[in-house]
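Colleague: Got a structure here, written out as structure tokens. Questions coming.
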Protein chains: 2
Amino acid sequence: MQYDHILLEHGSGGLLSHELVRNLFLPLFRNEHLSRMEDAATFSVGSQRFCLTTDSYVVHPLFFPGGDIGSLAVHGTVNDIAMSGGRPLFLSAGFIIEEGFPYGELQTICRSMATAAERAGVEIVTGDTKVVPKGTADGLFINTSGIGIIEYAATPGVACIRPGDVIIVNGPVGDHGAAILQARQSLGFKSAVISDSAPLNGLVAGILEANPHVHCLRDATRGGLGGILAEMAEQSGLVFILDEAQIPIHEDVRAICEILGLDPLYLANEGKMVLFCPETEAKNILAVMKNHPYGREGALIGQVKEGKRGRLILQTAIGGSREIDLPTGELVPRIC
Amino acid sequence: MQYDHILLEHGSGGLLSHELVRNLFLPLFRNEHLSRMEDAATFSVGSQRFCLTTDSYVVHPLFFPGGDIGSLAVHGTVNDIAMSGGRPLFLSAGFIIEEGFPYGELQTICRSMATAAERAGVEIVTGDTKVVPKGTADGLFINTSGIGIIEYAATPGVACIRPGDVIIVNGPVGDHGAAILQARQSLGFKSAVISDSAPLNGLVAGILEANPHVHCLRDATRGGLGGILAEMAEQSGLVFILDEAQIPIHEDVRAICEILGLDPLYLANEGKMVLFCPETEAKNILAVMKNHPYGREGALIGQVKEGKRGRLILQTAIGGSREIDLPTGELVPRIC
């Protein structure tokens with residue numbers, strides 16, 4: 001379908017985001033790197049492999065339980081590099097600031113970026129600042145781009161997923177989305193949910209060092225666990241079967257979703273990833289994962305099977321099953 | 001001086017931009033790459049040198065004589081890489097789109113990016129799209145980041161400028177700023193000025209291949225020729241003496257500046273660079289420059305001398321001289 005105007009949903013990470021990439025960006029910017037549709041582009045220079053990635057952050061509000069736009073902008077880009085099996089080296093930071101933005105808030109956010117970068121072991125080495133007149137942007141937008149070096153023989157990716165693989169997640173899903181909803185005070189009640197925003201490069205490095213048989217990694221950001229897995233199922237042409245009872249979700253997140261009529265599987269995460277590996281490696285990988293602060297509540301949540309077309313199937317706790325599609329509509333605009 | 005709020009001038013490329021970098025970003029993100037304050041950060045991996053750069057584009061209007069935000073976003077980042085002596089390899093593209101933005105315009109702009117990238121010999125290999133609710137951004141902002149490979153022994157930079165160097169510009173200055181003013185229809189008359197937006201990597205590669213004795217390159221974007229040179233003079237601690245009569249400026253640009261009371265030396269360029277080299281190399285470099293489509297009107301415009309502190313001096317056509325400071329205030333917001 002063709003649209004006359006860009007809708008919020010084109011930025012949701014769901015169906016229309018997908019269409020925008022497929023129908024507009026891929027045909028125009030056609031190249032082997034982009035067409036892999038991974039979170040980061042990988043390329044070689046001489047014998048060395050690298051990855052490059054970018055994300056713009058427009059989260060609202062700028063400060064939320066568990067983080068702010070600054071830490072989010074560092075973690076998000078670090079994670080995209082880590083998902084390509086890369087060790088993050090350097091980040092760039094591009095600020096678009098609305099005239100009149102409080103100087104002190106900018107300082108706090110930059111301090112938060114600096115702390116997040118230090119913890120993730122990356123340096124912010126280049127930047128750019130644009131200021132636009134009052135009313136032409138909402139406070140502050142930040143773009144971070146990053147380059148990583150790939151030191152492992154295999155580059156995990158959707159193309160490496162095989163029937164028989166299992167699907168692992170590193171902890172409870174939906175925290176970031178729920179924390180943003182709470183921060184907007186749209187809940188009508190107080191909860192203890194905080195964003196899971198975190199750098200996953202240390203966790204990924206630990207896993208890849210201990211076990212090279214990781215087939216694919218993807219962070220479950222916009223679109224949530226369900227959106228990401230539905231997209232990957234489509235890309236891979238395989239059937240992913242999720243066991244609902246095994247998917248970790250915090251009680252507070254469940255409660256928020258029930259009240260608001262949202263599906264926690266579609267709520268964004270900023271410190272959660274899915275990992276695909278052969279079933280034989282799962283025990284070892286889960287052991288490494290659970291030994292890391294960002295993987296303590298890791299769980300095996302599903303498996304991969306052959307099929308006629310890519311599909312994501314949820315086996316529900318009460319014994320039924322339903323297909324999960326890419327989310328349509330925009331659940332929570334400006335989630336990241 | 002400390003400010004309570006961010007002003008338009010903090011994004012002008014002038015005095016307050018400078019202060020923001022020195023007082024906020026440098027102390028927080030402290031590292032050797034950032035503190036060189038070049039347009040791109042350079043770093044080594046193994047024996048190979050690279051550069052990384054980023055720019056956000058917020059130009060208004062999105063379409064102007066000689067280009068649009070799409071071609072500008074490619075040229076600007078390609079040029080930042082070229083100024084570090086790098087050969088641009090890959091770009092990322094991050095879109096922040098206001099809900100309701102015409103799909104067809106986005107398509108036109110992306111087509112323009114694709115064409116510009118092809119002409120510059122780079123690939124757009126990774127991207128990101130955010131859509132924000134109507135009223136929270138003005139149409140479209142684009143961030144491009146880029147990575148280049150440095151294949152020349154010397155990395156040109158401000159630290160390499162020496163007393164006795166001459167200053168060369170590759171053509172008439174102020175066209176981009178004047179074209180944007182014209183596109184905003186704020187002139188009250190029609191002129192034939194078009195933006196000089198162009199990729200300079202081919203020109204730079206030709207010069208560096210023919211003559212390795214280039215000491216410094218910088219594209220004269222925000223802040224214009226005067227702003228850039230004043231900043232570089234301060235950074236280098238040397239005195240730059242410009243010969244006003246030798247600075248190429250189109251007649252239409254002069255006319256626009258006279259009517260609006262603007263100084264063409266502070267008007268932005270998007271396809272102009274300054275080059276520093278020993279006087280003995282100037283003839284050779286100018287010959288190579290004039291042989292390239294983007295250097296035909298190149299000119300030797302000044303020289304570098306010792307001094308007690310970094311200063312930019314303009315020797316006027318009528319025989320006087322005046323010091324040129326970093327521009328204060330914001331001449332033309334959203335110029336790029």
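Residues in the structure tokens are named by chain (A, B, ... in the order shown) and by number from 1 within that chain; ligands are numbered from 1 in the order shown.
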Mind listing the alpha helix (DSSP H) residues of range 51-237 of chain A, per DSSP on the backbone, as a PyMOL selection string?
Modeller: chain A and resi 69-83+103-120+175-183+201-210+224-236
Colleague: Counting only C-alpha atoms, what is within 9 Å of Pro133 in chain B, bar same-chain residues fewer than 4 positions away, as a PyMOL selection string?
Modeller: (chain A and resi 7-8+333-334) or (chain B and resi 97-100+137)
Colleague: Residues as selected, C-alpha atoms, written as a tab-separated table (two decimals), in the first residue's frame, can you do that?
Modeller:
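File again_36.tsv, as written:
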```tsv
chain	number	residue	atom	x	y	z
A	7	LEU	CA	2.19	8.38	9.79
A	8	LEU	CA	3.42	7.88	13.34
A	333	PRO	CA	5.15	7.07	20.14
A	334	ARG	CA	8.60	8.48	21.04
B	97	ILE	CA	10.20	12.89	10.38
B	98	GLU	CA	7.22	14.94	11.53
B	99	GLU	CA	3.95	13.03	11.35
B	100	GLY	CA	2.06	14.13	8.23
B	137	ALA	CA	9.55	18.70	14.71
```
Colleague: When distances are computed from only C-alpha atoms, which of A:Gly298, A:Pro65, A:Gly224, A:Gly206 shows the smallest separation from Glu330 in chain A?
Modeller: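 Looking at the shortest contact to Glu330 in chain A, the residue is A:Gly224.
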Colleague: At a cut-off of 7 Å, using only C-alpha atoms, what residues contact range 32-35 of chain A? Leave out same-chain residues fewer than 4 positions from it and give the result as a CSV table (one decimal) with all heavy atoms, in the first residue's frame.
Modeller:
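Output (selection_30.csv):
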```csv
chain,number,residue,atom,x,y,z
A,26,LEU,N,15.3,0.7,0.7
A,26,LEU,CA,16.1,-0.3,0.0
A,26,LEU,C,16.2,-0.1,-1.5
A,26,LEU,O,17.3,-0.2,-2.0
A,26,LEU,CB,15.5,-1.7,0.3
A,26,LEU,CG,15.8,-2.3,1.7
A,26,LEU,CD1,15.3,-3.7,1.8
A,26,LEU,CD2,17.2,-2.3,2.0
A,41,ALA,N,25.5,-2.3,9.8
A,41,ALA,CA,26.1,-2.8,8.5
A,41,ALA,C,27.4,-3.3,8.8
A,41,ALA,O,28.2,-2.7,9.6
A,41,ALA,CB,26.2,-1.6,7.5
A,42,THR,N,27.8,-4.4,8.2
A,42,THR,CA,29.1,-5.0,8.5
A,42,THR,C,29.9,-4.9,7.2
A,42,THR,O,29.3,-5.0,6.1
A,42,THR,CB,29.1,-6.4,9.0
A,42,THR,OG1,28.4,-7.2,8.0
A,42,THR,CG2,28.4,-6.5,10.3
B,125,VAL,N,24.8,2.7,4.0
B,125,VAL,CA,24.7,1.2,4.4
B,125,VAL,C,23.8,0.9,5.6
B,125,VAL,O,23.5,-0.2,5.8
B,125,VAL,CB,26.1,0.6,4.6
B,125,VAL,CG1,26.9,0.6,3.3
B,125,VAL,CG2,26.9,1.4,5.7
B,126,THR,N,23.4,1.9,6.3
B,126,THR,CA,22.6,1.6,7.5
B,126,THR,C,21.8,2.9,7.8
B,126,THR,O,22.2,4.0,7.5
B,126,THR,CB,23.5,1.2,8.7
B,126,THR,OG1,22.6,0.7,9.7
B,126,THR,CG2,24.3,2.3,9.2
```
Colleague: Rounded to one decimal place, report the CA of Leu208 in chain B-CA of Glu279 in chain B distance in Å.
Modeller: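 It comes out at 15.9 Å.
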Colleague: Using DSSP assignments from the backbone, pull out every residue in range 82-318 of chain B that falls under strand (DSSP E or B) and give it to me as a ChimeraX atom specification.
Modeller: /B:86-98,102,123-132,137,140-150,165-169,216-219,239-243,273-278,299-305,311-315
Colleague: My list of candidates is B:Pro212, B:Pro88, B:Gly302, B:Gly295. Which is closest to Val166 in chain B when distances are computed with only C-alpha atoms?
Modeller: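 Under the stated criterion, the closest residue is B:Gly302.
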Colleague: At what distance in Å, to one decimal, does CA of Ile241 in chain A lie from CA of Arg309 in chain A?
Modeller: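 Taking CA of Arg309 in chain A and CA of Ile241 in chain A, their separation equals 13.2 Å.
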Colleague: Set the distance at 9 Å and use only C-alpha atoms: which residues neighbour Ala114 in chain B once local chain neighbours fewer than 3 positions away are removed? I'd like the list as JSON, numbers by chain.
Modeller: {"A": [28, 29, 30], "B": [70, 71, 74, 109, 110, 111, 117, 118, 119, 123, 124]}
Colleague: Those same residues - all heavy atoms - I'd like them written as an mmCIF file, in the first residue's frame.
Modeller:
```cif
data_model
loop_
_atom_site.group_PDB
_atom_site.id
_atom_site.type_symbol
_atom_site.label_atom_id
_atom_site.label_comp_id
_atom_site.auth_asym_id
_atom_site.auth_seq_id
_atom_site.Cartn_x
_atom_site.Cartn_y
_atom_site.Cartn_z
ATOM 1 N N LEU A 28 16.148 2.577 -3.213
ATOM 2 C CA LEU A 28 16.938 3.758 -3.563
ATOM 3 C C LEU A 28 18.403 3.627 -3.159
ATOM 4 O O LEU A 28 19.296 4.013 -3.897
ATOM 5 C CB LEU A 28 16.349 5.012 -2.908
ATOM 6 C CG LEU A 28 15.113 5.583 -3.593
ATOM 7 C CD1 LEU A 28 14.517 6.707 -2.760
ATOM 8 C CD2 LEU A 28 15.469 6.093 -4.990
ATOM 9 N N PHE A 29 18.649 3.099 -1.972
ATOM 10 C CA PHE A 29 20.022 3.030 -1.462
ATOM 11 C C PHE A 29 20.600 1.628 -1.671
ATOM 12 O O PHE A 29 21.462 1.194 -0.928
ATOM 13 C CB PHE A 29 20.064 3.375 0.036
ATOM 14 C CG PHE A 29 19.498 4.717 0.356
ATOM 15 C CD1 PHE A 29 18.734 4.911 1.502
ATOM 16 C CD2 PHE A 29 19.728 5.812 -0.465
ATOM 17 C CE1 PHE A 29 18.207 6.161 1.816
ATOM 18 C CE2 PHE A 29 19.198 7.063 -0.157
ATOM 19 C CZ PHE A 29 18.437 7.228 0.979
ATOM 20 N N ARG A 30 20.111 0.938 -2.666
ATOM 21 C CA ARG A 30 20.435 -0.480 -2.875
ATOM 22 C C ARG A 30 21.924 -0.788 -2.717
ATOM 23 O O ARG A 30 22.764 -0.249 -3.429
ATOM 24 C CB ARG A 30 19.975 -0.887 -4.278
ATOM 25 C CG ARG A 30 20.161 -2.367 -4.600
ATOM 26 C CD ARG A 30 19.410 -2.716 -5.873
ATOM 27 N NE ARG A 30 17.973 -2.555 -5.702
ATOM 28 C CZ ARG A 30 17.199 -3.381 -4.992
ATOM 29 N NH1 ARG A 30 17.724 -4.413 -4.367
ATOM 30 N NH2 ARG A 30 15.910 -3.170 -4.911
ATOM 31 N N GLY B 70 18.543 16.441 1.292
ATOM 32 C CA GLY B 70 19.115 15.128 1.018
ATOM 33 C C GLY B 70 20.527 15.208 0.450
ATOM 34 O O GLY B 70 21.465 14.587 0.972
ATOM 35 N N SER B 71 20.691 15.976 -0.619
ATOM 36 C CA SER B 71 22.033 16.105 -1.211
ATOM 37 C C SER B 71 22.969 16.799 -0.223
ATOM 38 O O SER B 71 24.133 16.423 -0.068
ATOM 39 C CB SER B 71 21.969 16.875 -2.534
ATOM 40 O OG SER B 71 21.299 18.104 -2.378
ATOM 41 N N VAL B 74 24.378 14.417 2.350
ATOM 42 C CA VAL B 74 25.441 13.547 1.834
ATOM 43 C C VAL B 74 26.726 14.357 1.631
ATOM 44 O O VAL B 74 27.805 13.977 2.097
ATOM 45 C CB VAL B 74 25.003 12.863 0.525
ATOM 46 C CG1 VAL B 74 26.178 12.154 -0.140
ATOM 47 C CG2 VAL B 74 23.875 11.876 0.810
ATOM 48 N N ILE B 109 13.577 13.433 -1.642
ATOM 49 C CA ILE B 109 14.779 13.729 -0.860
ATOM 50 C C ILE B 109 15.697 12.503 -0.790
ATOM 51 O O ILE B 109 16.915 12.624 -0.907
ATOM 52 C CB ILE B 109 14.361 14.238 0.542
ATOM 53 C CG1 ILE B 109 13.814 15.668 0.416
ATOM 54 C CG2 ILE B 109 15.528 14.176 1.527
ATOM 55 C CD1 ILE B 109 13.003 16.145 1.603
ATOM 56 N N CYS B 110 15.099 11.335 -0.630
ATOM 57 C CA CYS B 110 15.917 10.108 -0.578
ATOM 58 C C CYS B 110 16.552 9.836 -1.937
ATOM 59 O O CYS B 110 17.698 9.375 -2.008
ATOM 60 C CB CYS B 110 15.084 8.917 -0.123
ATOM 61 S SG CYS B 110 14.680 8.979 1.615
ATOM 62 N N ARG B 111 15.824 10.125 -3.005
ATOM 63 C CA ARG B 111 16.389 9.938 -4.339
ATOM 64 C C ARG B 111 17.598 10.871 -4.500
ATOM 65 O O ARG B 111 18.630 10.501 -5.057
ATOM 66 C CB ARG B 111 15.315 10.238 -5.394
ATOM 67 C CG ARG B 111 15.626 9.612 -6.744
ATOM 68 C CD ARG B 111 14.447 9.749 -7.700
ATOM 69 N NE ARG B 111 13.312 8.952 -7.296
ATOM 70 C CZ ARG B 111 12.060 9.412 -7.137
ATOM 71 N NH1 ARG B 111 11.787 10.684 -7.361
ATOM 72 N NH2 ARG B 111 11.103 8.598 -6.762
ATOM 73 N N ALA B 117 25.116 10.331 -3.175
ATOM 74 C CA ALA B 117 26.027 9.303 -2.668
ATOM 75 C C ALA B 117 26.739 8.619 -3.834
ATOM 76 O O ALA B 117 27.953 8.388 -3.783
ATOM 77 C CB ALA B 117 25.255 8.277 -1.835
ATOM 78 N N GLU B 118 25.989 8.328 -4.874
ATOM 79 C CA GLU B 118 26.596 7.654 -6.029
ATOM 80 C C GLU B 118 27.683 8.541 -6.634
ATOM 81 O O GLU B 118 28.777 8.080 -6.943
ATOM 82 C CB GLU B 118 25.508 7.327 -7.042
ATOM 83 C CG GLU B 118 25.923 6.204 -7.985
ATOM 84 C CD GLU B 118 24.894 5.967 -9.073
ATOM 85 O OE1 GLU B 118 23.691 6.204 -8.828
ATOM 86 O OE2 GLU B 118 25.316 5.571 -10.185
ATOM 87 N N ARG B 119 27.357 9.818 -6.790
ATOM 88 C CA ARG B 119 28.342 10.749 -7.376
ATOM 89 C C ARG B 119 29.588 10.873 -6.514
ATOM 90 O O ARG B 119 30.698 11.068 -7.009
ATOM 91 C CB ARG B 119 27.713 12.130 -7.567
ATOM 92 C CG ARG B 119 26.810 12.145 -8.775
ATOM 93 C CD ARG B 119 26.330 13.563 -9.098
ATOM 94 N NE ARG B 119 25.311 13.500 -10.140
ATOM 95 C CZ ARG B 119 24.323 14.369 -10.305
ATOM 96 N NH1 ARG B 119 24.220 15.410 -9.488
ATOM 97 N NH2 ARG B 119 23.464 14.225 -11.262
ATOM 98 N N GLU B 123 28.519 4.625 -0.153
ATOM 99 C CA GLU B 123 27.283 3.870 -0.013
ATOM 100 C C GLU B 123 26.615 4.231 1.318
ATOM 101 O O GLU B 123 27.290 4.369 2.333
ATOM 102 C CB GLU B 123 27.566 2.370 -0.042
ATOM 103 C CG GLU B 123 27.954 1.859 -1.421
ATOM 104 C CD GLU B 123 28.156 0.349 -1.434
ATOM 105 O OE1 GLU B 123 28.815 -0.164 -0.511
ATOM 106 O OE2 GLU B 123 27.659 -0.301 -2.348
ATOM 107 N N ILE B 124 25.291 4.360 1.275
ATOM 108 C CA ILE B 124 24.505 4.547 2.505
ATOM 109 C C ILE B 124 24.127 3.143 2.966
ATOM 110 O O ILE B 124 23.312 2.482 2.340
ATOM 111 C CB ILE B 124 23.268 5.417 2.237
ATOM 112 C CG1 ILE B 124 23.718 6.810 1.773
ATOM 113 C CG2 ILE B 124 22.384 5.503 3.478
ATOM 114 C CD1 ILE B 124 22.617 7.691 1.234
#
```
Colleague: Near Val21 in chain B, counting only C-alpha atoms, which residues have an atom at most 9 Å away, once you skip same-chain residues fewer than 6 positions from it, shown as a list in words?
Modeller: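 Surrounding residues, per the criterion: Thr129 of chain A; Pro27 and Met37 of chain B.
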Colleague: Could you save the residues just selected, with C-alpha atoms, as an mmCIF file, in the first residue's frame?
Modeller:
```cif
data_model
loop_
_atom_site.group_PDB
_atom_site.id
_atom_site.type_symbol
_atom_site.label_atom_id
_atom_site.label_comp_id
_atom_site.auth_asym_id
_atom_site.auth_seq_id
_atom_site.Cartn_x
_atom_site.Cartn_y
_atom_site.Cartn_z
ATOM 1 C CA THR A 129 25.164 20.628 17.453
ATOM 2 C CA PRO B 27 35.251 18.427 29.538
ATOM 3 C CA MET B 37 38.408 19.648 17.395
#
```
Colleague: From the options A:Thr108, A:Val132, A:Pro156, A:Gly146, which residue's atoms come nearest to Ile335 in chain B, counting only C-alpha atoms?
Modeller: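 Looking at the shortest contact to Ile335 in chain B, the residue is A:Val132.
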Colleague: Which is closest to chain A among B:Ala154, B:Leu106, B:Ala179, B:Ile207, if we use only C-alpha atoms?
Modeller: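 Selected residue with least distance to chain A: B:Leu106.
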Colleague: Find the residues around Tyr103 in chain A up to 9 Å (only C-alpha atoms counted), leave out those fewer than 2 positions away in its own chain, and share them as a PDB file with C-alpha atoms, in the first residue's frame.
Modeller:
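Contents of the output file part32.pdb:
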```pdb
ATOM      1  CA  GLY A 100      15.393  27.901  24.907  1.00  0.00           C
ATOM      2  CA  PHE A 101      16.271  24.395  26.110  1.00  0.00           C
ATOM      3  CA  GLU A 105      19.382  19.807  31.478  1.00  0.00           C
ATOM      4  CA  LEU A 106      21.699  19.546  28.496  1.00  0.00           C
ATOM      5  CA  GLN A 107      24.593  19.295  30.927  1.00  0.00           C
ATOM      6  CA  THR A 108      22.877  16.556  32.926  1.00  0.00           C
TER       7      THR A 108
ATOM      8  CA  GLN B   2      27.307  30.807  31.520  1.00  0.00           C
ATOM      9  CA  TYR B   3      23.859  30.684  29.931  1.00  0.00           C
ATOM     10  CA  ASP B   4      20.611  29.450  31.502  1.00  0.00           C
ATOM     11  CA  HIS B   5      19.162  28.398  28.175  1.00  0.00           C
ATOM     12  CA  ILE B   6      20.400  27.312  24.781  1.00  0.00           C
TER      13      ILE B   6
END
```
Colleague: Which residue out of B:Asp263, B:Gly14, B:His60, B:Gly94 has the minimum interatomic distance to chain A when only C-alpha atoms are used?
Modeller: B:Gly94
